[in-house]
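Worksheet for the structure shown next.
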Amino acid sequence: MNVGRTTRQRRSFAAHPSTARAARAFVTEQLSAQGATAEVVDDFALAVSEVVSNAVAHSDDAEVVVVIDTSDQGWWHIEVASHSPLPHRLRDPSGWTVAPAVAASGRGLGIVRSLMDEVSVLDAGSIVAMRRRRAV
């Protein structure tokens, strides 16, 4: 149990291309402090970077919010939110696949889906929630 530790961290970032780097650093710092393994930290850092990059690229919002919730001892949980929703075609994570190597883009969300145990799109597409089971 994380006695005395904050189990929910929230940070807002300006919607700017450099935001992905800052979000990765935030996730790395917070998950490491909560005892996540290096693999979990690396996977979430990459997944958050991809989702934040999409939010910045496809949103007209001024900020992106990353929330890390470690209150459930069975799961690591992170959400990325912006006020501009994902396009309708991207709201079903079961369709997120990694694009072929010859494609110019389209790998990010497929990578996110492959790294996480669960991915869901909430609030009409403005929140991407990602979860990984904790090792027993």
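By convention in this document, the chains of the structure tokens carry letters A, B, ... by their order, each chain's residues are numbered from 1, and ligands are numbered from 1 in the order they are shown.
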inquiry  = With only C-alpha atoms as the counted atoms, please give the residues lying no more than 12 Å from His77 in chain A, apart from itself and same-chain residues fewer than 4 positions off, as a VMD selection string.
reply    = chain A and resid 7 to 9 27 30 to 31 36 40 to 41 44 47 to 48 66 to 73 116 to 120 128 to 134
task = Could you tell me, as a ChimeraX atom specification, which residues of chain A DSSP assigns to strand (DSSP E or B) when given the backbone?
result = /A:8-14,63-69,75-81,118-122,127-133
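Proximity ranking of A:Leu46, A:Ala124, A:Ala135, A:Val56 relative to Gly110 in chain A places A:Leu46 first, based on only C-alpha atoms.
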key: Residues flagged helix (DSSP H, G or I) by DSSP in chain A, as a ChimeraX atom specification   = /A:19-33,38-58,88-90,93-95,108-115,123-125
Set out as a tab-separated table a contact list for range 10-54 of chain A and range 103-108 of chain A with a cut-off of 10 Å, giving each residue of range 10-54 of chain A that qualifies its closest atom pair and distance in Å to one decimal, counting only C-alpha atoms, ordered by chain and rising residue number.
residue	atom	partner	partner_atom	distance
A:Leu46	CA	A:Gly108	CA	9.1
A:Ala47	CA	A:Gly108	CA	7.9
A:Ser49	CA	A:Gly108	CA	9.0
A:Glu50	CA	A:Gly108	CA	5.4
A:Val51	CA	A:Gly108	CA	7.6
A:Ser53	CA	A:Gly108	CA	9.0
A:Asn54	CA	A:Gly108	CA	8.3
note = Judged by only C-alpha atoms, the minimum distance to Thr28 in chain A among A:Ile127, A:Leu109, A:Ile78, A:Ala15 is found for A:Ile78
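The closest residue to Thr37 in chain A, picked from A:Pro100, A:Ser82, A:Ser126, A:Trp76 and counting only C-alpha atoms, is A:Trp76.
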query = Nearest to Ser12 in chain A: which of A:Glu63, A:Ser84, A:Arg113, A:Gly125 is it, counting only C-alpha atoms?
reply =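 For Ser12 in chain A, the nearest of the given residues is A:Glu63.
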Contacts of His16 in chain A at 12 Å (only C-alpha atoms; same-chain gap of 6+ positions) as a PDB file with N, CA and C atoms, in the first residue's frame:
ATOM      1  N   ALA A  22       7.993  16.865 -22.024  1.00  0.00           N
ATOM      2  CA  ALA A  22       7.674  17.211 -20.637  1.00  0.00           C
ATOM      3  C   ALA A  22       6.718  16.183 -20.018  1.00  0.00           C
ATOM      4  N   ALA A  23       5.744  15.707 -20.795  1.00  0.00           N
ATOM      5  CA  ALA A  23       4.804  14.695 -20.301  1.00  0.00           C
ATOM      6  C   ALA A  23       5.532  13.384 -20.009  1.00  0.00           C
ATOM      7  N   VAL A  52      -0.174  12.309 -26.236  1.00  0.00           N
ATOM      8  CA  VAL A  52      -0.005  13.762 -26.100  1.00  0.00           C
ATOM      9  C   VAL A  52       0.339  14.380 -27.457  1.00  0.00           C
ATOM     10  N   SER A  53       1.216  13.745 -28.209  1.00  0.00           N
ATOM     11  CA  SER A  53       1.576  14.261 -29.539  1.00  0.00           C
ATOM     12  C   SER A  53       0.350  14.359 -30.437  1.00  0.00           C
ATOM     13  N   ASN A  54      -0.520  13.332 -30.398  1.00  0.00           N
ATOM     14  CA  ASN A  54      -1.760  13.389 -31.171  1.00  0.00           C
ATOM     15  C   ASN A  54      -2.667  14.511 -30.699  1.00  0.00           C
ATOM     16  N   ALA A  55      -2.778  14.676 -29.390  1.00  0.00           N
ATOM     17  CA  ALA A  55      -3.622  15.743 -28.848  1.00  0.00           C
ATOM     18  C   ALA A  55      -3.119  17.112 -29.301  1.00  0.00           C
ATOM     19  N   VAL A  56      -1.818  17.298 -29.282  1.00  0.00           N
ATOM     20  CA  VAL A  56      -1.248  18.581 -29.710  1.00  0.00           C
ATOM     21  C   VAL A  56      -1.443  18.783 -31.213  1.00  0.00           C
ATOM     22  N   ALA A  57      -1.193  17.742 -31.990  1.00  0.00           N
ATOM     23  CA  ALA A  57      -1.275  17.860 -33.449  1.00  0.00           C
ATOM     24  C   ALA A  57      -2.697  18.035 -33.962  1.00  0.00           C
ATOM     25  N   HIS A  58      -3.667  17.413 -33.301  1.00  0.00           N
ATOM     26  CA  HIS A  58      -5.026  17.384 -33.836  1.00  0.00           C
ATOM     27  C   HIS A  58      -6.020  18.190 -33.021  1.00  0.00           C
ATOM     28  N   SER A  59      -5.536  18.993 -32.117  1.00  0.00           N
ATOM     29  CA  SER A  59      -6.417  19.752 -31.248  1.00  0.00           C
ATOM     30  C   SER A  59      -6.166  21.237 -31.422  1.00  0.00           C
ATOM     31  N   ASP A  60      -7.209  21.996 -31.185  1.00  0.00           N
ATOM     32  CA  ASP A  60      -7.036  23.446 -31.149  1.00  0.00           C
ATOM     33  C   ASP A  60      -7.057  23.941 -29.712  1.00  0.00           C
ATOM     34  N   ASP A  61      -6.911  23.011 -28.781  1.00  0.00           N
ATOM     35  CA  ASP A  61      -6.935  23.333 -27.369  1.00  0.00           C
ATOM     36  C   ASP A  61      -5.605  23.948 -26.940  1.00  0.00           C
ATOM     37  N   ALA A  62      -5.626  24.741 -25.904  1.00  0.00           N
ATOM     38  CA  ALA A  62      -4.423  25.398 -25.406  1.00  0.00           C
ATOM     39  C   ALA A  62      -3.629  24.532 -24.439  1.00  0.00           C
ATOM     40  N   GLU A  63      -4.250  23.457 -23.938  1.00  0.00           N
ATOM     41  CA  GLU A  63      -3.537  22.624 -22.979  1.00  0.00           C
ATOM     42  C   GLU A  63      -3.903  21.152 -23.132  1.00  0.00           C
ATOM     43  N   VAL A  64      -3.001  20.334 -22.598  1.00  0.00           N
ATOM     44  CA  VAL A  64      -3.197  18.891 -22.508  1.00  0.00           C
ATOM     45  C   VAL A  64      -2.964  18.547 -21.036  1.00  0.00           C
TER      46      VAL A  64
END
query = Between A:Val102, A:Val121, A:Ala14, A:Val65, which one has atoms that come closest to Leu90 in chain A, using only C-alpha atoms?
reply =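 Smallest separation from Leu90 in chain A among the options: A:Val121.
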